[in-house]
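Engineer: Could you have a look at this structure, given as structure tokens, before my questions?
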Amino acid sequence: MKKIMKNILALLPSNRAKTSAVPFPVLFGKFQDILTINNSVLETIATVNDKLGGNYIFDRHYIETTCQTITDQVLKLINDLDTIAPNKYLALHDSFRRISAEIEKDLAGRPYCHFGPFTLAYKAISHHAAEEVGGKNASLAEIANFLDLTIPDGFAVTGAAFHALLAKNDLRQKIDRIVASWKRGKVSVEDAAQKIQQLILDSKLPGKLEKDLSRSLAQLNDNKTNKPLLLAIRSSAWGEDGERSFAGQYESFLNVPAAELAKAYRQVVASAYSETALMYRQKIGFPEEEVTMAVACQVMIDAVASGVLYTLDPQHGHGGSMLLSATWGLGAPVVSGRASGDRFTVARSKPYAVKEMQLVRKKTALTSIAGGGTALQPLPTDRQTQASLGNEQIKQIAATGMLIEKYFKKPQDIEFAIDRQGKLIVLQARPLNIDQTDAPKAPELAKLLSQYPVLFRDQGDIAQAGVATGKVYMFSDDSRLRDVPAGAILVARFASPLLAKVMAKVSAILTDIGSPTGHLATIAREFRVPCIVNTGNATELLQPEQEITVDAEANIVYQGLVNELCLYELTEDAIEESTEYKLLRRVLKNIAPLNLLDPAEKSFTPAACSTLHDITRFVHEKAVEELIDRNYYNHHDPKTSSGKLRLNIPIDLVLIDIDGGLRKGSRKGEVLPDAILSVPMLAFLEGLTHPQAWDNEPMSVDMGSFMSSLTRTFSTELASPKYVGQNLAVISKEYTNISLRLGYHFTMIDSYVTDNINDNYAYFRFFGGVTDETRRSRRAEFIGEVLARHDFRVEVHGDLVVARIKKMDKEGMLQRLQVLGWLVGFTRQLDVKMLSDQHIHHYIDKFNQLMEANI
């Protein structure tokens, strides 16, 4: 029995110091400060993320002052948590200093690349790694890691490696001087390019880079057969394949022997300073100090056919067609425009029918040569006029293209290859610029939209604007996140941060409950995923697998696929990538992303905080936990109590008012219900004192069960003679902590309820009873089922029930507290009645009938 009780207590929060030099009202004040600052930080992050949407103008001063404001607020959060839990979370200060230092480096001017490995395998590249590995590498890794599409095996040589190469060979100042001379007209662009490129080609690689390249090549070799390792070495510079494509400005090298990687790497880096690259950057206003060349190193694909897919026809962007070009062998001649390929116009919707086909005579094919290099090889006569792609391959390429477009939320320019086994391999994907001249105007669009059935409108709050289509995936607590299909519309009851794990896969998110300044909303803005929270009943209005269109611009959900709206959204003008925009996006990497998603995971630690958002969430979670534990493990001085509550039910409840929980002038020693002002306490009592909730009928207990209950071992806090039988509630205007011992079971409720949805939570803990373990466990299962049906997240272990609910609006929270009050009365002696498992569902039905009739 002691072992069982030990296991139960292990599930409870860890024991805290029984006394504290800081009075509880002071700690509660710090807790309230944490809630206020937490909301302010989340609102500021939401505002800053909105700036990246392109509808606002801002300057460097705005970025600097915003960063200062957020860092000051987060430091205040850490200090307040230190007051509540002295010396317990000191590692937060280390994480804060590290993150603040990185923000300062980003604000300092020249682009900053994090120190670390100079190479990253594609499997290790995250959504936030574009600054480290360049846009081309980052996009390709996302396609594989989030959409589960096939890409070449490979790794990225990071931007940090580029800057290390320049630093080791003292090239930065030399390059700056040469560029300055060219811009002043002292040397020609040809001479400037030749001098800079030669400096790079003659440079020596840093020792660490050589080691990292060797290690990464060895890992690629481990994945291959005994054939020699041949590589495709491609550029992946900052700004490349973004809103400015830099298409054709940098060099790529195909079928490179692994032994020649270092040479090819220098050649790609040197191409960042070619004559055309220098002129292109000058024309578009791209600052030379931001030049950072990351490089893609990929296993060479032995392609049977290759080509390019435009997911929207650039010339007729609103005609609902894709444009596909392909040829035999490698696709470089078609991509570069040196040769024509077969052209297919394909419908953008299933089954992706070919609308038009134009075949050309393909006399040669670019192929890989054994040992390295490529060559044009003549094709047999019968293959010259044969279509380079079959119908099924076209459909697969089109479906893949639409999936990538939906993920990146922009029309895509996709390069692909078909290997010898017939497998489709994505080589790269970048945004496609579309002509806006024939886009529908707003009045025309409104007329077109009126033809589509509306499922619901103006329900909830827009957390992230945008348009998305897809099939509904109904998420519940029992669902496994890994089962969420790519491109789905995720519909959930709560806006839980746990949903962030699939944020990159889904097209949009709808929730019944949630806040537009909550953690999930912040992550949706970070990923630019259309998101509407607090709809009230989206989970009831929508069905699994139902195809819908979410217009998170106008707050409307349509039945079916609204093509006109999707095309309009895809072809809207993108924000100009100004220096300020790029700087804001860079500093936000250390501010906005949320990596600490689940407080139950072992990784939910101060040291794991890698952004200011992480620290904010950690402090909020731990502040609530510490407040609950402080009340659970520490008893308040009875002299400070406001008195015993007079009720018409047999429960001796002592109230302690710490801040506005009782009317002024309330008598000492006894409290009448009408003197209570505590919002959560009133809701709890409303359920507890309902005539149908409380059962006073005496129950008979068999001797074995009674002896079982007597031999249970409880913690010293619960068993202390001073507090046995004492029921206690610590209250304020918005807060209550209730500790009840009724007979032989124990209940604790901790709740904070305000008009701000982000502050609201309720915590419930129950265990014990007078009967044997089986019947106690049945009662626990009953309680867990009831609470789960009322939106609590529930854990049941034997006769222990732990339930939580948070970030629900005030009305919803008060209803749930009423339910808790009902449960306390209804289940007081219920374990005695739990003679069989059938009684669990019998009493669930009975309880639900009472709820429906009274709440």
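Here, A, B, ... name the chains of the structure tokens in the order displayed, residue numbers run from 1 inside each chain, and ligands are numbered from 1 in the same displayed order.
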Just the residues within 9 Å of Val753 in chain A, please, counting only C-alpha atoms, with nothing from its chain fewer than 3 positions along; format it as JSON, numbers by chain.
Structural biologist: {"A": [679, 680, 733, 734, 735, 756, 757, 759, 760, 761, 762, 809, 810, 813, 814]}
Engineer: The selected residues should be written to file as a CSV table (one decimal), in the first residue's frame (atoms: all heavy atoms).
Structural biologist:
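Okay, result_22.csv is ready:
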chain,number,residue,atom,x,y,z
A,679,VAL,N,-15.1,35.6,-7.9
A,679,VAL,CA,-15.9,35.1,-9.1
A,679,VAL,C,-15.8,33.6,-9.2
A,679,VAL,O,-16.8,32.9,-9.4
A,679,VAL,CB,-15.3,35.8,-10.4
A,679,VAL,CG1,-16.0,35.2,-11.6
A,679,VAL,CG2,-15.6,37.3,-10.3
A,680,PRO,N,-14.6,33.0,-9.2
A,680,PRO,CA,-14.5,31.5,-9.3
A,680,PRO,C,-15.2,30.8,-8.1
A,680,PRO,O,-15.8,29.7,-8.3
A,680,PRO,CB,-13.1,31.2,-9.5
A,680,PRO,CG,-12.4,32.4,-8.9
A,680,PRO,CD,-13.2,33.5,-9.2
A,733,LYS,N,-10.6,38.3,-5.6
A,733,LYS,CA,-11.7,38.6,-6.5
A,733,LYS,C,-11.7,37.7,-7.7
A,733,LYS,O,-12.8,37.2,-8.2
A,733,LYS,CB,-11.5,40.1,-7.0
A,733,LYS,CG,-12.6,40.5,-8.1
A,733,LYS,CD,-13.9,40.7,-7.4
A,733,LYS,CE,-14.9,41.3,-8.5
A,733,LYS,NZ,-16.3,41.3,-7.9
A,734,GLU,N,-10.6,37.3,-8.3
A,734,GLU,CA,-10.5,36.5,-9.5
A,734,GLU,C,-10.0,35.1,-9.2
A,734,GLU,O,-9.9,34.3,-10.1
A,734,GLU,CB,-9.7,37.1,-10.6
A,734,GLU,CG,-10.2,38.5,-11.1
A,734,GLU,CD,-9.6,39.6,-10.4
A,734,GLU,OE1,-8.7,39.4,-9.5
A,734,GLU,OE2,-10.1,40.8,-10.6
A,735,TYR,N,-9.6,34.8,-8.0
A,735,TYR,CA,-8.8,33.6,-7.7
A,735,TYR,C,-9.5,32.8,-6.6
A,735,TYR,O,-10.1,33.4,-5.7
A,735,TYR,CB,-7.4,33.9,-7.3
A,735,TYR,CG,-6.5,32.8,-6.9
A,735,TYR,CD1,-6.0,31.9,-7.8
A,735,TYR,CD2,-6.2,32.6,-5.5
A,735,TYR,CE1,-5.2,30.8,-7.4
A,735,TYR,CE2,-5.4,31.6,-5.1
A,735,TYR,CZ,-4.9,30.7,-6.0
A,735,TYR,OH,-4.2,29.6,-5.6
A,756,ASN,N,-10.0,38.4,-19.4
A,756,ASN,CA,-8.9,38.1,-20.3
A,756,ASN,C,-8.7,36.6,-20.5
A,756,ASN,O,-8.3,35.9,-19.6
A,756,ASN,CB,-7.6,38.7,-19.9
A,756,ASN,CG,-6.5,38.6,-21.0
A,756,ASN,OD1,-6.4,37.7,-21.7
A,756,ASN,ND2,-5.7,39.7,-21.1
A,757,ILE,N,-9.1,36.0,-21.6
A,757,ILE,CA,-9.1,34.6,-21.9
A,757,ILE,C,-7.7,34.0,-21.7
A,757,ILE,O,-7.6,32.8,-21.2
A,757,ILE,CB,-9.6,34.3,-23.3
A,757,ILE,CG1,-9.9,32.8,-23.5
A,757,ILE,CG2,-8.6,34.8,-24.4
A,757,ILE,CD1,-10.5,32.5,-24.8
A,759,ASP,N,-5.6,34.5,-19.3
A,759,ASP,CA,-5.3,34.3,-17.9
A,759,ASP,C,-6.0,33.2,-17.3
A,759,ASP,O,-5.6,32.6,-16.3
A,759,ASP,CB,-5.7,35.6,-17.1
A,759,ASP,CG,-4.8,36.8,-17.5
A,759,ASP,OD1,-3.8,36.6,-18.1
A,759,ASP,OD2,-5.2,37.9,-17.1
A,760,ASN,N,-7.1,32.7,-17.9
A,760,ASN,CA,-8.1,31.8,-17.3
A,760,ASN,C,-7.6,30.4,-17.2
A,760,ASN,O,-7.1,29.9,-18.2
A,760,ASN,CB,-9.4,31.9,-18.0
A,760,ASN,CG,-10.0,33.3,-17.9
A,760,ASN,OD1,-9.7,34.1,-17.0
A,760,ASN,ND2,-11.0,33.6,-18.7
A,761,TYR,N,-7.8,29.8,-16.1
A,761,TYR,CA,-7.4,28.3,-15.9
A,761,TYR,C,-8.2,27.8,-14.8
A,761,TYR,O,-8.6,28.5,-13.8
A,761,TYR,CB,-5.9,28.1,-15.8
A,761,TYR,CG,-5.4,28.5,-14.4
A,761,TYR,CD1,-5.4,27.6,-13.3
A,761,TYR,CD2,-4.9,29.7,-14.2
A,761,TYR,CE1,-4.9,27.9,-12.1
A,761,TYR,CE2,-4.4,30.1,-12.9
A,761,TYR,CZ,-4.4,29.2,-11.9
A,761,TYR,OH,-4.0,29.5,-10.6
A,762,ALA,N,-8.3,26.5,-14.7
A,762,ALA,CA,-8.8,25.7,-13.6
A,762,ALA,C,-8.0,24.4,-13.5
A,762,ALA,O,-7.8,23.7,-14.5
A,762,ALA,CB,-10.3,25.5,-13.7
A,809,ASP,N,-13.1,31.4,-22.4
A,809,ASP,CA,-13.6,32.7,-22.0
A,809,ASP,C,-14.3,32.6,-20.6
A,809,ASP,O,-14.5,31.5,-20.1
A,809,ASP,CB,-14.7,33.2,-23.0
A,809,ASP,CG,-15.8,32.2,-23.2
A,809,ASP,OD1,-16.4,31.7,-22.2
A,809,ASP,OD2,-16.2,32.0,-24.4
A,810,LYS,N,-14.6,33.7,-20.0
A,810,LYS,CA,-15.1,33.8,-18.7
A,810,LYS,C,-16.3,33.0,-18.5
A,810,LYS,O,-16.4,32.2,-17.5
A,810,LYS,CB,-15.3,35.3,-18.3
A,810,LYS,CG,-15.7,35.5,-16.8
A,810,LYS,CD,-15.8,37.0,-16.5
A,810,LYS,CE,-16.1,37.2,-15.0
A,810,LYS,NZ,-16.2,38.7,-14.7
A,813,MET,N,-15.5,29.3,-18.4
A,813,MET,CA,-14.8,28.9,-17.2
A,813,MET,C,-15.8,28.8,-16.0
A,813,MET,O,-15.7,27.8,-15.2
A,813,MET,CB,-13.7,29.9,-16.9
A,813,MET,CG,-12.5,29.9,-17.8
A,813,MET,SD,-11.6,28.3,-17.8
A,813,MET,CE,-11.2,28.2,-16.1
A,814,LEU,N,-16.7,29.7,-15.9
A,814,LEU,CA,-17.6,29.7,-14.8
A,814,LEU,C,-18.5,28.5,-14.9
A,814,LEU,O,-18.9,27.9,-13.8
A,814,LEU,CB,-18.4,31.0,-14.7
A,814,LEU,CG,-17.5,32.3,-14.4
A,814,LEU,CD1,-18.4,33.5,-14.4
A,814,LEU,CD2,-16.7,32.1,-13.2
Engineer: List every residue of range 544-674 of chain A that DSSP, applied to the backbone of this structure, places in strand (DSSP E), and write the result as a list in words.
Structural biologist: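 Result set for range 544-674 of chain A (strand (DSSP E)): Glu547, Ile548, Thr549, Val550, Asp551, Ile556, Val557, Tyr558, Gln559, Gly643, Lys644, Leu645, Leu653, Val654, Leu655, Ile656, Asp657, Ile658, Asp659, Glu670 and Val671 of chain A.
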Engineer: For the selection just defined, write its residues with N, CA and C atoms to a file, as a PDB file, in the first residue's frame.
Structural biologist:
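Written out: part.pdb:
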ATOM      1  N   GLU A 547     -14.671  18.933 -47.586  1.00  0.00           N
ATOM      2  CA  GLU A 547     -13.802  19.883 -48.279  1.00  0.00           C
ATOM      3  C   GLU A 547     -14.358  21.293 -48.104  1.00  0.00           C
ATOM      4  N   ILE A 548     -13.522  22.189 -47.596  1.00  0.00           N
ATOM      5  CA  ILE A 548     -13.969  23.544 -47.308  1.00  0.00           C
ATOM      6  C   ILE A 548     -12.918  24.547 -47.760  1.00  0.00           C
ATOM      7  N   THR A 549     -13.331  25.797 -47.824  1.00  0.00           N
ATOM      8  CA  THR A 549     -12.420  26.914 -48.073  1.00  0.00           C
ATOM      9  C   THR A 549     -12.512  27.865 -46.895  1.00  0.00           C
ATOM     10  N   VAL A 550     -11.378  28.155 -46.276  1.00  0.00           N
ATOM     11  CA  VAL A 550     -11.316  29.070 -45.139  1.00  0.00           C
ATOM     12  C   VAL A 550     -10.818  30.421 -45.631  1.00  0.00           C
ATOM     13  N   ASP A 551     -11.663  31.426 -45.505  1.00  0.00           N
ATOM     14  CA  ASP A 551     -11.274  32.794 -45.841  1.00  0.00           C
ATOM     15  C   ASP A 551     -11.030  33.534 -44.527  1.00  0.00           C
ATOM     16  N   ILE A 556     -14.882  33.958 -43.112  1.00  0.00           N
ATOM     17  CA  ILE A 556     -15.948  33.152 -43.706  1.00  0.00           C
ATOM     18  C   ILE A 556     -15.399  31.763 -43.997  1.00  0.00           C
ATOM     19  N   VAL A 557     -16.228  30.748 -43.786  1.00  0.00           N
ATOM     20  CA  VAL A 557     -15.885  29.380 -44.169  1.00  0.00           C
ATOM     21  C   VAL A 557     -16.911  28.918 -45.194  1.00  0.00           C
ATOM     22  N   TYR A 558     -16.415  28.535 -46.380  1.00  0.00           N
ATOM     23  CA  TYR A 558     -17.272  28.124 -47.494  1.00  0.00           C
ATOM     24  C   TYR A 558     -17.283  26.603 -47.616  1.00  0.00           C
ATOM     25  N   GLN A 559     -18.384  26.100 -48.132  1.00  0.00           N
ATOM     26  CA  GLN A 559     -18.458  24.705 -48.525  1.00  0.00           C
ATOM     27  C   GLN A 559     -17.730  24.517 -49.843  1.00  0.00           C
ATOM     28  N   GLY A 643     -13.062  33.630   8.202  1.00  0.00           N
ATOM     29  CA  GLY A 643     -14.112  32.946   8.928  1.00  0.00           C
ATOM     30  C   GLY A 643     -14.598  31.697   8.237  1.00  0.00           C
ATOM     31  N   LYS A 644     -15.497  31.012   8.913  1.00  0.00           N
ATOM     32  CA  LYS A 644     -16.079  29.782   8.396  1.00  0.00           C
ATOM     33  C   LYS A 644     -17.335  30.116   7.607  1.00  0.00           C
ATOM     34  N   LEU A 645     -17.451  29.468   6.438  1.00  0.00           N
ATOM     35  CA  LEU A 645     -18.578  29.737   5.564  1.00  0.00           C
ATOM     36  C   LEU A 645     -19.818  29.001   6.064  1.00  0.00           C
ATOM     37  N   LEU A 653     -16.093  24.809   5.811  1.00  0.00           N
ATOM     38  CA  LEU A 653     -15.156  25.435   4.885  1.00  0.00           C
ATOM     39  C   LEU A 653     -14.696  26.772   5.454  1.00  0.00           C
ATOM     40  N   VAL A 654     -13.395  26.882   5.709  1.00  0.00           N
ATOM     41  CA  VAL A 654     -12.797  28.113   6.205  1.00  0.00           C
ATOM     42  C   VAL A 654     -12.288  28.931   5.029  1.00  0.00           C
ATOM     43  N   LEU A 655     -12.616  30.219   5.015  1.00  0.00           N
ATOM     44  CA  LEU A 655     -12.201  31.105   3.923  1.00  0.00           C
ATOM     45  C   LEU A 655     -11.070  32.018   4.374  1.00  0.00           C
ATOM     46  N   ILE A 656     -10.081  32.200   3.514  1.00  0.00           N
ATOM     47  CA  ILE A 656      -9.012  33.169   3.727  1.00  0.00           C
ATOM     48  C   ILE A 656      -9.045  34.142   2.566  1.00  0.00           C
ATOM     49  N   ASP A 657      -9.307  35.386   2.832  1.00  0.00           N
ATOM     50  CA  ASP A 657      -9.407  36.412   1.787  1.00  0.00           C
ATOM     51  C   ASP A 657      -8.074  37.146   1.670  1.00  0.00           C
ATOM     52  N   ILE A 658      -7.475  37.080   0.487  1.00  0.00           N
ATOM     53  CA  ILE A 658      -6.177  37.744   0.308  1.00  0.00           C
ATOM     54  C   ILE A 658      -6.287  39.040  -0.488  1.00  0.00           C
ATOM     55  N   ASP A 659      -7.414  39.228  -1.217  1.00  0.00           N
ATOM     56  CA  ASP A 659      -7.504  40.466  -2.008  1.00  0.00           C
ATOM     57  C   ASP A 659      -8.889  40.587  -2.647  1.00  0.00           C
ATOM     58  N   GLU A 670     -17.398  34.112  10.934  1.00  0.00           N
ATOM     59  CA  GLU A 670     -18.430  33.477  10.134  1.00  0.00           C
ATOM     60  C   GLU A 670     -18.677  34.309   8.885  1.00  0.00           C
ATOM     61  N   VAL A 671     -18.854  33.609   7.752  1.00  0.00           N
ATOM     62  CA  VAL A 671     -19.065  34.282   6.475  1.00  0.00           C
ATOM     63  C   VAL A 671     -20.356  33.764   5.862  1.00  0.00           C
TER      64      VAL A 671
END
Engineer: Report, in Å with one decimal, the straight-line distance from CA of Ala463 in chain A to CA of Ala592 in chain A.
Structural biologist: 14.6 Å
Engineer: Might you pull out every residue within 12 Å of Ala232 in chain A, with only C-alpha atoms counted and same-chain residues fewer than 5 positions away left off, and present them as number ranges by chain?
Structural biologist: A: 152-156, 251-258, 260-261, 264-265, 268, 295-302, 330, 332, 368, 372-374, 427
Engineer: Calculate how many Å separate CA of Leu490 in chain A from CA of Leu510 in chain A, rounding to one decimal.
Structural biologist: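 Interatomic distance, CA of Leu490 in chain A to CA of Leu510 in chain A: 6.3 Å.
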Engineer: Leaving out Ala693 in chain A and any residue of its chain fewer than 4 positions from it, which residues lie within 7 Å of it when counting only C-alpha atoms, given as a PyMOL selection string?
Structural biologist: chain A and resi 688-689+822+825-826
Engineer: What would the file look like if the residues just selected were written as a PDB file, in the first residue's frame with C-alpha atoms?
Structural biologist:
ATOM      1  CA  LEU A 688     -21.832  22.557  -4.904  1.00  0.00           C
ATOM      2  CA  THR A 689     -24.943  23.805  -3.116  1.00  0.00           C
ATOM      3  CA  TRP A 822     -21.636  19.502  -8.802  1.00  0.00           C
ATOM      4  CA  GLY A 825     -21.265  16.909  -4.059  1.00  0.00           C
ATOM      5  CA  PHE A 826     -22.370  14.188  -6.454  1.00  0.00           C
TER       6      PHE A 826
END
Engineer: Give the answer as one residue: which of A:Ser306, A:Thr381, A:Thr327, A:Gln249 has the shortest atom-to-atom distance to Gly422 in chain A, using only C-alpha atoms?
Structural biologist: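 Closest residue, counting only C-alpha atoms: A:Ser306.
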